[in-house]
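Participant: Structure file work_32.txt (compact mmCIF, C-alpha atoms) is given on the next line.
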```
# COMPACT_ATOMS: atom_id res chain seq x y z
CA MET A 1 78.33 329.87 35.83
CA LYS A 2 82.10 330.35 35.79
CA LYS A 3 81.76 333.03 33.13
CA ARG A 4 79.25 334.96 35.19
CA GLU A 5 81.51 335.02 38.24
CA THR A 6 84.31 336.65 36.33
CA THR A 7 82.18 339.21 34.50
CA ASP A 8 83.37 341.97 36.81
CA PRO A 9 86.73 340.92 38.24
CA ILE A 10 87.27 344.27 39.98
CA GLY A 11 83.88 344.07 41.68
CA MET A 12 84.53 340.46 42.68
CA MET A 13 87.84 341.40 44.34
CA ALA A 14 86.32 344.47 46.00
CA ALA A 15 83.39 342.48 47.39
CA GLN A 16 85.73 340.08 49.13
CA LEU A 17 88.11 342.79 50.36
CA SER A 18 85.24 344.81 51.85
CA ARG A 19 84.53 341.91 54.22
CA LEU A 20 87.77 342.72 56.05
CA PRO A 21 87.44 344.92 59.14
CA GLY A 22 88.06 348.63 58.56
CA ILE A 23 87.88 348.23 54.78
CA GLY A 24 84.81 349.98 53.40
CA ARG A 25 83.43 349.93 49.88
CA LYS A 26 85.63 352.76 48.63
CA THR A 27 88.85 351.37 50.07
CA ALA A 28 87.98 347.92 48.71
CA MET A 29 87.49 349.36 45.22
CA ARG A 30 90.77 351.28 45.48
CA LEU A 31 92.60 348.10 46.53
CA ALA A 32 90.92 346.03 43.80
CA TYR A 33 92.03 348.50 41.12
CA TYR A 34 95.51 348.48 42.57
CA ILE A 35 95.64 344.68 42.54
CA ALA A 36 94.33 344.62 38.95
CA ALA A 37 97.35 346.70 37.91
CA GLN A 38 99.95 344.51 39.68
CA PRO A 39 101.95 341.72 38.01
CA GLN A 40 100.08 338.41 38.19
CA GLU A 41 102.98 336.87 40.08
CA ASP A 42 102.68 339.43 42.91
CA VAL A 43 98.95 338.80 43.23
CA ARG A 44 99.54 335.06 43.28
CA GLU A 45 101.99 335.58 46.16
CA LEU A 46 99.44 337.63 48.09
CA ALA A 47 96.62 335.14 47.55
CA THR A 48 98.88 332.21 48.39
CA ALA A 49 100.15 333.88 51.57
CA LEU A 50 96.60 334.46 52.80
CA TRP A 51 95.40 330.97 52.03
CA GLN A 52 98.53 329.09 53.13
CA GLY A 53 98.85 331.36 56.15
CA ARG A 54 95.31 330.62 57.25
CA ARG A 55 95.82 326.90 56.68
CA ALA A 56 99.03 326.91 58.70
CA VAL A 57 97.58 328.78 61.68
CA ARG A 58 96.64 326.56 64.58
CA MET A 59 96.09 327.17 68.23
CA CYS A 60 98.80 326.20 70.69
CA SER A 61 97.22 323.41 72.75
CA ARG A 62 98.87 324.79 75.86
CA CYS A 63 98.57 328.60 75.80
CA GLY A 64 96.02 329.13 73.00
CA ASN A 65 98.24 331.50 71.01
CA TYR A 66 98.29 331.26 67.22
CA THR A 67 101.18 329.18 65.95
CA ALA A 68 102.34 327.02 63.07
CA GLN A 69 103.81 324.38 65.40
CA ASP A 70 102.20 323.00 68.53
CA PRO A 71 103.36 323.80 71.19
CA CYS A 72 104.13 327.35 70.14
CA ALA A 73 107.60 328.89 70.18
CA ILE A 74 106.93 330.64 73.49
CA CYS A 75 105.66 327.52 75.29
CA ALA A 76 108.57 325.51 73.87
CA ASP A 77 111.21 328.08 74.91
CA SER A 78 113.07 326.64 77.91
CA ARG A 79 114.73 329.99 78.63
CA ARG A 80 111.38 331.51 79.60
CA ARG A 81 109.95 331.34 83.14
CA HIS A 82 107.02 329.01 82.85
CA ASP A 83 106.00 329.52 86.49
CA THR A 84 104.38 332.82 85.47
CA LEU A 85 101.39 333.12 83.17
CA CYS A 86 100.13 336.30 81.56
CA VAL A 87 96.43 336.01 80.75
CA VAL A 88 95.27 337.97 77.69
CA ARG A 89 92.14 338.17 75.61
CA ASP A 90 93.56 337.74 72.09
CA PRO A 91 96.66 336.46 70.30
CA ARG A 92 97.21 340.11 69.25
CA ASP A 93 97.77 340.98 72.90
CA VAL A 94 100.62 338.45 73.06
CA SER A 95 102.30 340.29 70.17
CA ALA A 96 101.87 343.62 71.94
CA ILE A 97 103.48 342.33 75.14
CA GLU A 98 106.27 340.53 73.27
CA ARG A 99 107.14 343.79 71.48
CA MET A 100 107.94 345.24 74.93
CA HIS A 101 110.78 342.64 75.28
CA GLU A 102 110.49 342.80 79.08
CA TYR A 103 108.18 339.92 79.92
CA HIS A 104 109.76 336.49 79.92
CA GLY A 105 107.02 334.23 81.28
CA GLY A 106 104.34 332.21 79.53
CA TYR A 107 100.90 333.20 78.28
CA HIS A 108 97.34 332.02 78.40
CA VAL A 109 95.07 333.33 75.65
CA LEU A 110 91.39 333.39 76.60
CA HIS A 111 90.07 334.06 73.07
CA GLY A 112 87.43 336.43 74.39
CA THR A 113 86.17 338.02 77.57
CA ILE A 114 83.12 337.32 79.71
CA SER A 115 80.28 339.39 78.26
CA PRO A 116 76.77 338.56 79.51
CA ILE A 117 75.07 340.93 77.04
CA ASN A 118 76.77 339.08 74.19
CA GLY A 119 75.92 335.74 75.77
CA ILE A 120 79.57 334.90 76.46
CA GLY A 121 80.02 333.19 79.81
CA PRO A 122 83.10 331.77 81.58
CA ASP A 123 82.65 328.43 79.80
CA ASP A 124 82.84 330.08 76.37
CA ILE A 125 86.41 331.28 76.82
CA ARG A 126 89.52 329.35 77.83
CA ILE A 127 89.13 329.70 81.62
CA LYS A 128 88.72 325.96 82.28
CA GLU A 129 92.02 325.40 80.48
CA LEU A 130 93.62 328.10 82.65
CA ILE A 131 92.42 326.41 85.84
CA GLY A 132 93.77 323.11 84.52
CA ARG A 133 97.18 324.64 83.86
CA VAL A 134 97.37 326.22 87.32
CA GLN A 135 96.55 322.82 88.83
CA GLN A 136 98.96 320.80 86.70
CA GLU A 137 101.89 323.13 85.93
CA GLN A 138 104.08 324.70 88.62
CA ILE A 139 102.46 328.14 88.35
CA ARG A 140 103.54 330.72 90.91
CA GLU A 141 101.87 333.85 89.54
CA VAL A 142 99.02 334.60 87.14
CA ILE A 143 99.14 338.16 85.74
CA ILE A 144 95.75 339.15 84.36
CA ALA A 145 96.26 341.49 81.41
CA THR A 146 92.74 341.71 80.02
CA ASN A 147 91.77 345.19 78.82
CA PRO A 148 90.85 347.80 81.45
CA ASP A 149 87.24 347.98 80.22
CA VAL A 150 84.02 346.62 81.73
CA GLU A 151 84.33 343.16 80.18
CA GLY A 152 88.06 342.91 80.84
CA GLU A 153 87.59 343.89 84.50
CA ALA A 154 84.70 341.45 84.96
CA THR A 155 86.78 338.68 83.42
CA ALA A 156 89.74 339.56 85.64
CA ALA A 157 87.55 339.52 88.76
CA TYR A 158 86.06 336.15 87.80
CA ILE A 159 89.46 334.58 87.15
CA ALA A 160 90.87 335.95 90.41
CA ARG A 161 87.94 334.42 92.29
CA VAL A 162 88.36 330.94 90.81
CA LEU A 163 92.17 330.88 90.97
CA LYS A 164 92.83 332.22 94.46
CA PRO A 165 91.54 329.06 96.23
CA LEU A 166 94.25 327.18 94.30
CA GLY A 167 96.94 329.08 96.23
CA VAL A 168 98.40 330.94 93.26
CA LEU A 169 99.36 334.62 93.28
CA VAL A 170 96.93 336.50 91.03
CA THR A 171 97.92 340.01 89.92
CA ARG A 172 96.51 342.66 87.59
CA LEU A 173 98.39 345.14 85.39
CA ALA A 174 98.63 348.60 86.97
CA HIS A 175 96.33 351.40 85.92
CA GLY A 176 97.67 354.93 85.61
CA MET A 177 98.77 357.73 83.36
CA PRO A 178 100.15 356.60 80.03
CA VAL A 179 103.85 357.46 79.75
CA GLY A 180 104.21 360.60 77.68
CA GLY A 181 100.53 361.38 78.23
CA ASP A 182 99.16 364.77 79.16
CA LEU A 183 97.38 365.08 82.50
CA GLU A 184 94.85 367.41 80.94
CA TYR A 185 93.71 364.74 78.52
CA VAL A 186 93.65 361.74 80.85
CA ASP A 187 90.08 360.67 81.65
CA GLU A 188 88.83 360.98 85.23
CA VAL A 189 88.65 357.27 85.95
CA THR A 190 92.25 356.73 84.87
CA LEU A 191 93.34 359.80 86.81
CA ASN A 192 91.60 358.47 89.92
CA LYS A 193 93.38 355.11 89.48
CA ALA A 194 96.66 356.98 89.11
CA PHE A 195 96.04 358.77 92.43
CA GLU A 196 95.09 355.54 94.18
CA GLY A 197 98.19 353.81 92.88
CA ARG A 198 100.59 356.71 93.70
CA ARG A 199 104.01 355.72 95.00
CA GLU A 200 106.65 357.51 97.04
CA ILE A 201 109.52 358.81 95.00
CA MET B 1 112.22 325.41 53.01
CA LYS B 2 108.46 324.99 53.07
CA LYS B 3 108.55 324.56 56.82
CA ARG B 4 110.45 327.78 57.29
CA GLU B 5 107.94 329.77 55.25
CA THR B 6 105.07 328.73 57.48
CA THR B 7 106.86 329.22 60.80
CA ASP B 8 105.02 332.49 61.37
CA PRO B 9 101.79 332.36 59.38
CA ILE B 10 100.51 335.65 60.83
CA GLY B 11 103.73 337.43 59.88
CA MET B 12 103.63 335.90 56.41
CA MET B 13 100.11 337.18 55.83
CA ALA B 14 100.90 340.60 57.29
CA ALA B 15 104.03 340.98 55.14
CA GLN B 16 102.00 340.48 51.97
CA LEU B 17 99.08 342.65 53.11
CA SER B 18 101.42 345.52 53.98
CA ARG B 19 102.42 345.72 50.32
CA LEU B 20 98.95 347.07 49.51
CA PRO B 21 98.62 350.86 49.33
CA GLY B 22 97.42 352.56 52.50
CA ILE B 23 97.98 349.42 54.58
CA GLY B 24 100.81 349.95 57.04
CA ARG B 25 102.47 347.44 59.32
CA LYS B 26 99.93 347.81 62.12
CA THR B 27 96.89 347.52 59.88
CA ALA B 28 98.45 344.53 58.13
CA MET B 29 98.97 342.79 61.48
CA ARG B 30 95.40 343.57 62.52
CA LEU B 31 94.09 342.14 59.24
CA ALA B 32 96.32 339.06 59.50
CA TYR B 33 95.03 338.28 63.00
CA TYR B 34 91.49 338.80 61.78
CA ILE B 35 92.03 336.44 58.85
CA ALA B 36 93.61 333.85 61.14
CA ALA B 37 90.38 333.78 63.15
CA GLN B 38 88.07 333.37 60.14
CA PRO B 39 86.73 330.04 58.86
CA GLN B 40 89.12 328.48 56.34
CA GLU B 41 86.38 328.51 53.71
CA ASP B 42 86.00 332.31 53.95
CA VAL B 43 89.74 332.83 53.57
CA ARG B 44 89.81 330.48 50.61
CA GLU B 45 87.07 332.60 48.99
CA LEU B 46 89.05 335.79 49.59
CA ALA B 47 92.30 334.34 48.22
CA THR B 48 90.52 332.83 45.24
CA ALA B 49 88.71 336.08 44.43
CA LEU B 50 92.00 338.00 44.42
CA TRP B 51 93.85 335.48 42.29
CA GLN B 52 91.02 334.64 39.89
CA GLY B 53 90.05 338.31 39.74
CA ARG B 54 93.56 339.33 38.78
CA ARG B 55 93.76 336.54 36.21
CA ALA B 56 90.43 337.56 34.67
CA VAL B 57 91.29 341.25 34.37
CA ARG B 58 92.37 342.30 30.91
CA MET B 59 92.49 345.62 29.15
CA CYS B 60 89.78 346.45 26.63
CA SER B 61 91.65 346.63 23.31
CA ARG B 62 89.53 349.59 22.28
CA CYS B 63 89.17 351.90 25.30
CA GLY B 64 91.80 350.51 27.68
CA ASN B 65 89.40 350.02 30.59
CA TYR B 66 89.71 346.90 32.76
CA THR B 67 87.33 344.17 31.70
CA ALA B 68 86.81 340.42 31.73
CA GLN B 69 85.63 340.37 28.10
CA ASP B 70 87.17 342.25 25.22
CA PRO B 71 85.69 344.59 24.07
CA CYS B 72 84.40 345.80 27.44
CA ALA B 73 80.72 346.15 28.29
CA ILE B 74 80.81 349.92 27.65
CA CYS B 75 82.43 349.63 24.21
CA ALA B 76 80.04 346.81 23.29
CA ASP B 77 76.93 348.71 24.42
CA SER B 78 75.11 349.84 21.26
CA ARG B 79 72.82 352.15 23.28
CA ARG B 80 75.77 354.40 24.14
CA ARG B 81 76.90 357.28 21.94
CA HIS B 82 80.20 356.17 20.54
CA ASP B 83 80.82 359.47 18.73
CA THR B 84 81.93 360.96 22.07
CA LEU B 85 85.02 359.87 23.98
CA CYS B 86 85.83 360.78 27.56
CA VAL B 87 89.59 360.61 28.14
CA VAL B 88 90.64 359.62 31.68
CA ARG B 89 93.85 358.67 33.39
CA ASP B 90 92.81 355.44 35.13
CA PRO B 91 90.14 352.73 35.02
CA ARG B 92 89.06 354.04 38.45
CA ASP B 93 88.05 357.30 36.80
CA VAL B 94 85.69 355.39 34.50
CA SER B 95 83.96 353.98 37.59
CA ALA B 96 83.66 357.44 39.11
CA ILE B 97 82.04 358.87 35.98
CA GLU B 98 79.76 355.84 35.52
CA ARG B 99 78.48 356.29 39.09
CA MET B 100 77.15 359.70 38.00
CA HIS B 101 74.79 357.91 35.51
CA GLU B 102 74.74 361.02 33.29
CA TYR B 103 77.43 360.30 30.73
CA HIS B 104 76.47 357.94 27.93
CA GLY B 105 79.42 358.12 25.56
CA GLY B 106 82.56 356.00 25.30
CA TYR B 107 85.87 356.22 27.13
CA HIS B 108 89.56 356.22 26.44
CA VAL B 109 91.79 355.27 29.36
CA LEU B 110 95.32 356.66 29.14
CA HIS B 111 96.81 354.57 31.97
CA GLY B 112 98.87 357.49 33.20
CA THR B 113 99.57 361.13 32.55
CA ILE B 114 102.50 362.88 30.94
CA SER B 115 105.06 363.51 33.68
CA PRO B 116 108.52 364.59 32.57
CA ILE B 117 110.00 364.41 36.09
CA ASN B 118 108.89 360.77 36.28
CA GLY B 119 110.17 360.11 32.78
CA ILE B 120 106.67 359.52 31.38
CA GLY B 121 106.25 361.00 27.92
CA PRO B 122 103.34 360.99 25.45
CA ASP B 123 104.47 357.64 24.02
CA ASP B 124 104.31 355.96 27.41
CA ILE B 125 100.56 356.41 27.78
CA ARG B 126 97.76 355.48 25.37
CA ILE B 127 97.76 358.71 23.32
CA LYS B 128 98.75 357.04 20.04
CA GLU B 129 95.75 354.72 20.45
CA LEU B 130 93.54 357.76 21.05
CA ILE B 131 94.73 359.42 17.85
CA GLY B 132 94.09 356.16 16.00
CA ARG B 133 90.52 355.99 17.33
CA VAL B 134 89.80 359.59 16.37
CA GLN B 135 91.06 358.85 12.85
CA GLN B 136 89.20 355.56 12.42
CA GLU B 137 86.00 355.87 14.47
CA GLN B 138 83.37 358.54 13.83
CA ILE B 139 84.38 360.69 16.80
CA ARG B 140 82.66 364.06 17.13
CA GLU B 141 83.88 365.16 20.55
CA VAL B 142 86.75 364.25 22.86
CA ILE B 143 86.12 365.30 26.49
CA ILE B 144 89.39 365.42 28.40
CA ALA B 145 88.75 364.46 32.01
CA THR B 146 92.27 364.12 33.35
CA ASN B 147 92.73 365.47 36.89
CA PRO B 148 92.95 369.25 37.34
CA ASP B 149 96.56 369.03 38.55
CA VAL B 150 99.82 369.92 36.83
CA GLU B 151 100.25 366.58 35.07
CA GLY B 152 96.59 366.29 34.16
CA GLU B 153 96.58 369.79 32.67
CA ALA B 154 99.79 369.18 30.74
CA THR B 155 98.37 365.95 29.36
CA ALA B 156 95.12 367.70 28.41
CA ALA B 157 97.02 370.46 26.63
CA TYR B 158 99.15 367.94 24.73
CA ILE B 159 96.13 365.90 23.63
CA ALA B 160 94.23 369.02 22.53
CA ARG B 161 97.22 370.06 20.42
CA VAL B 162 97.53 366.71 18.62
CA LEU B 163 93.79 366.15 18.14
CA LYS B 164 92.61 369.56 16.95
CA PRO B 165 94.28 369.24 13.49
CA LEU B 166 92.10 366.13 13.01
CA GLY B 167 88.98 368.31 13.06
CA VAL B 168 87.48 366.89 16.25
CA LEU B 169 85.90 368.98 19.01
CA VAL B 170 88.15 368.79 22.08
CA THR B 171 86.65 369.87 25.42
CA ARG B 172 87.77 369.92 29.04
CA LEU B 173 85.69 369.39 32.18
CA ALA B 174 84.71 372.67 33.89
CA HIS B 175 86.57 373.91 36.93
CA GLY B 176 84.66 375.56 39.76
CA MET B 177 83.31 375.30 43.25
CA PRO B 178 82.41 371.78 44.33
CA VAL B 179 78.65 371.47 44.88
CA GLY B 180 77.93 371.69 48.60
CA GLY B 181 81.39 373.16 49.13
CA ASP B 182 82.10 376.13 51.35
CA LEU B 183 83.51 379.24 49.65
CA GLU B 184 85.74 379.84 52.66
CA TYR B 185 87.51 376.53 52.15
CA VAL B 186 87.87 376.57 48.37
CA ASP B 187 91.48 377.13 47.32
CA GLU B 188 92.36 380.33 45.46
CA VAL B 189 93.09 378.70 42.12
CA THR B 190 89.72 376.93 42.07
CA LEU B 191 88.00 380.13 43.18
CA ASN B 192 89.67 382.01 40.37
CA LYS B 193 88.54 379.37 37.86
CA ALA B 194 85.02 379.65 39.28
CA PHE B 195 85.07 383.42 38.68
CA GLU B 196 86.40 382.99 35.16
CA GLY B 197 83.74 380.44 34.35
CA ARG B 198 80.84 382.40 35.90
CA ARG B 199 77.53 382.29 34.06
CA GLU B 200 74.48 384.52 34.02
CA ILE B 201 71.58 383.22 36.09
```
Could you write out this file's structure as structure tokens?

Facilitator:
Amino acid sequence: MKKRETTDPIGMMAAQLSRLPGIGRKTAMRLAYYIAAQPQEDVRELATALWQGRRAVRMCSRCGNYTAQDPCAICADSRRRHDTLCVVRDPRDVSAIERMHEYHGGYHVLHGTISPINGIGPDDIRIKELIGRVQQEQIREVIIATNPDVEGEATAAYIARVLKPLGVLVTRLAHGMPVGGDLEYVDEVTLNKAFEGRREI
Amino acid sequence: MKKRETTDPIGMMAAQLSRLPGIGRKTAMRLAYYIAAQPQEDVRELATALWQGRRAVRMCSRCGNYTAQDPCAICADSRRRHDTLCVVRDPRDVSAIERMHEYHGGYHVLHGTISPINGIGPDDIRIKELIGRVQQEQIREVIIATNPDVEGEATAAYIARVLKPLGVLVTRLAHGMPVGGDLEYVDEVTLNKAFEGRREI
């Protein structure tokens, strides 16, 4: 049995690599051949990082972000303003906002968006936990930063509806022209939002 | 020390993934977040496949192709014509030719091409082994299938020069228009080779 598994080591590596998103059969083969030519020690480091990394990842019990320690570094940071919560779909979105270095509040990661066609309702994402935090923590503002697509907008609308009765300020990221963008290439819906949101200069 | 390593599991995974060719920082982060969200068992399978795959890979002592068993399946296959050798740069090239299902001879993998500017001479790739095989095995024809670029051509010319005195037929893959290609987009050098190699129909 063991012998059979290792009959084609390149194919075995490629099969696993091709399960990753955006990595097709050809790329997986290319990577497998590359890995086959690397020093064993380097490959051990890669394999160990993936396995140990996955084992170390847990979800922050407060905000839902990925972390090695619970609570996460952001929730545990006393210099941040924990009266403001930014609601995002994925842990990746937290990284994107943190890279901006301008937001200093807390987060709440939903781990999904409401999507009736995919059978994902409000109870399937971390909305109950968000309501609980607004009730128990001293939250002044909830900034909804779900994506500006159908599911993100529906999720934002739902959250606004359930949070407003709790007396918290609920806001949504602005829509408009991307900075450095070209008016000619901005889609009509975004352009319309940019007109609606125009400000005096 | 251990604690420090696992402080940012996502970053740890991304750092290792970004060492793979064609995987930049952004792709590595995307993959790391994806892996973080997968079941531990799946990630263990991936890590194990990479590590066990790398450990299982060895070089066929005859042809130089990657294999789990030595000699490799191609060298050990008695139905193949072992009086013909196809000389390629990399194990990947063997895969490419095998996918064609039309070549039934043996291989010789050079693991590189002669490249003076990179300090790679004839002794740094498996040319000595090729000469040894031509002297010891009953080789009738050596088909040189190195890439049609400067280094591949230089390597082909060198090999032809050292093998011809041994009385073996040395051939080179034909140059020409790619099948399904568009004449308008074929580069001039290839077009010229296609003219030179024209055949009566």

Participant: Which residue is closest to chain A? Choose from B:Thr146, B:Thr67, B:Ser61, B:Thr84 and count only C-alpha atoms.

Facilitator: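 Among the listed residues, the smallest separation from chain A belongs to B:Thr67.
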
Participant: What does the distance between atom CA of A:Tyr185 and atom CA of A:Leu173 come to in Å, to one decimal place?

Facilitator: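 The value is 21.3 Å.
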
Participant: Quick one: pull the distance between atom CA of A:Val94 and atom CA of A:His108, Å, one decimal.

Facilitator: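 So the answer is 9.0 Å.
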
Participant: What residues in chain A have any atom no more than 7 Å from chain B when counting only C-alpha atoms, and can you write them as an mmCIF file with C-alpha atoms, in the coordinates of the input?

Facilitator:
```cif
data_model
loop_
_atom_site.group_PDB
_atom_site.id
_atom_site.type_symbol
_atom_site.label_atom_id
_atom_site.label_comp_id
_atom_site.auth_asym_id
_atom_site.auth_seq_id
_atom_site.Cartn_x
_atom_site.Cartn_y
_atom_site.Cartn_z
ATOM 1 C CA THR A 6 84.310 336.650 36.330
ATOM 2 C CA THR A 7 82.180 339.210 34.500
ATOM 3 C CA ASP A 8 83.370 341.970 36.810
ATOM 4 C CA PRO A 9 86.730 340.920 38.240
ATOM 5 C CA ILE A 10 87.270 344.270 39.980
ATOM 6 C CA MET A 12 84.530 340.460 42.680
ATOM 7 C CA MET A 13 87.840 341.400 44.340
ATOM 8 C CA GLN A 16 85.730 340.080 49.130
ATOM 9 C CA TYR A 33 92.030 348.500 41.120
ATOM 10 C CA ILE A 35 95.640 344.680 42.540
ATOM 11 C CA ALA A 36 94.330 344.620 38.950
ATOM 12 C CA GLN A 40 100.080 338.410 38.190
ATOM 13 C CA VAL A 43 98.950 338.800 43.230
ATOM 14 C CA ARG A 44 99.540 335.060 43.280
ATOM 15 C CA LEU A 46 99.440 337.630 48.090
ATOM 16 C CA ALA A 47 96.620 335.140 47.550
ATOM 17 C CA THR A 48 98.880 332.210 48.390
ATOM 18 C CA ALA A 49 100.150 333.880 51.570
ATOM 19 C CA LEU A 50 96.600 334.460 52.800
ATOM 20 C CA TRP A 51 95.400 330.970 52.030
ATOM 21 C CA GLY A 53 98.850 331.360 56.150
ATOM 22 C CA ARG A 54 95.310 330.620 57.250
ATOM 23 C CA ARG A 55 95.820 326.900 56.680
ATOM 24 C CA ALA A 56 99.030 326.910 58.700
ATOM 25 C CA VAL A 57 97.580 328.780 61.680
ATOM 26 C CA THR A 67 101.180 329.180 65.950
ATOM 27 C CA ALA A 68 102.340 327.020 63.070
ATOM 28 C CA ARG A 92 97.210 340.110 69.250
#
```

Participant: Just how far from atom CA of B:Asp70 is atom CA of B:Leu85, in Å to one decimal?

Facilitator: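 The value is 17.8 Å.
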
Participant: Do you know which residues are at most 8 Å from B:Cys63 counting only C-alpha atoms, after dropping those on the same chain fewer than 2 positions away, and could you put them as a list in words?

Facilitator: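 Once the nearby chain positions are removed, what remains is Cys60, Ser61, Asn65, Cys75, Gly106, Tyr107, His108 and Val109 of chain B.
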
Participant: Compute the distance from (90.6, 331.7, 77.7) to each atom, counting all atoms listed in the file, keep the residues with any atom at most 8 Å away, and return them as an MDAnalysis selection string; use the coordinates of the file.

Facilitator: chainID A and resid 64 87:89 108:113 125:130

Participant: Residues of the last selection are to be written out with C-alpha atoms, as a compact mmCIF listing (two decimals), in the frame of the given file.

Facilitator:
```txt
# COMPACT_ATOMS: atom_id res chain seq x y z
CA GLY A 64 96.02 329.13 73.00
CA VAL A 87 96.43 336.01 80.75
CA VAL A 88 95.27 337.97 77.69
CA ARG A 89 92.14 338.17 75.61
CA HIS A 108 97.34 332.02 78.40
CA VAL A 109 95.07 333.33 75.65
CA LEU A 110 91.39 333.39 76.60
CA HIS A 111 90.07 334.06 73.07
CA GLY A 112 87.43 336.43 74.39
CA THR A 113 86.17 338.02 77.57
CA ILE A 125 86.41 331.28 76.82
CA ARG A 126 89.52 329.35 77.83
CA ILE A 127 89.13 329.70 81.62
CA LYS A 128 88.72 325.96 82.28
CA GLU A 129 92.02 325.40 80.48
CA LEU A 130 93.62 328.10 82.65
```

Participant: Could you pull the residues within 12 Å of B:His82, counting only C-alpha atoms, minus those fewer than 3 positions along the same chain, as a list of chain:residue names?

Facilitator: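 Skipping anything fewer than 3 positions along the chain leaves B:Arg62, B:Cys63, B:Ile74, B:Cys75, B:Ala76, B:Asp77, B:Ser78, B:Arg79, B:Leu85, B:Cys86, B:Tyr103, B:His104, B:Gly105, B:Gly106, B:Tyr107, B:His108, B:Arg133, B:Val134, B:Glu137, B:Gln138, B:Ile139, B:Arg140, B:Glu141, B:Val142.
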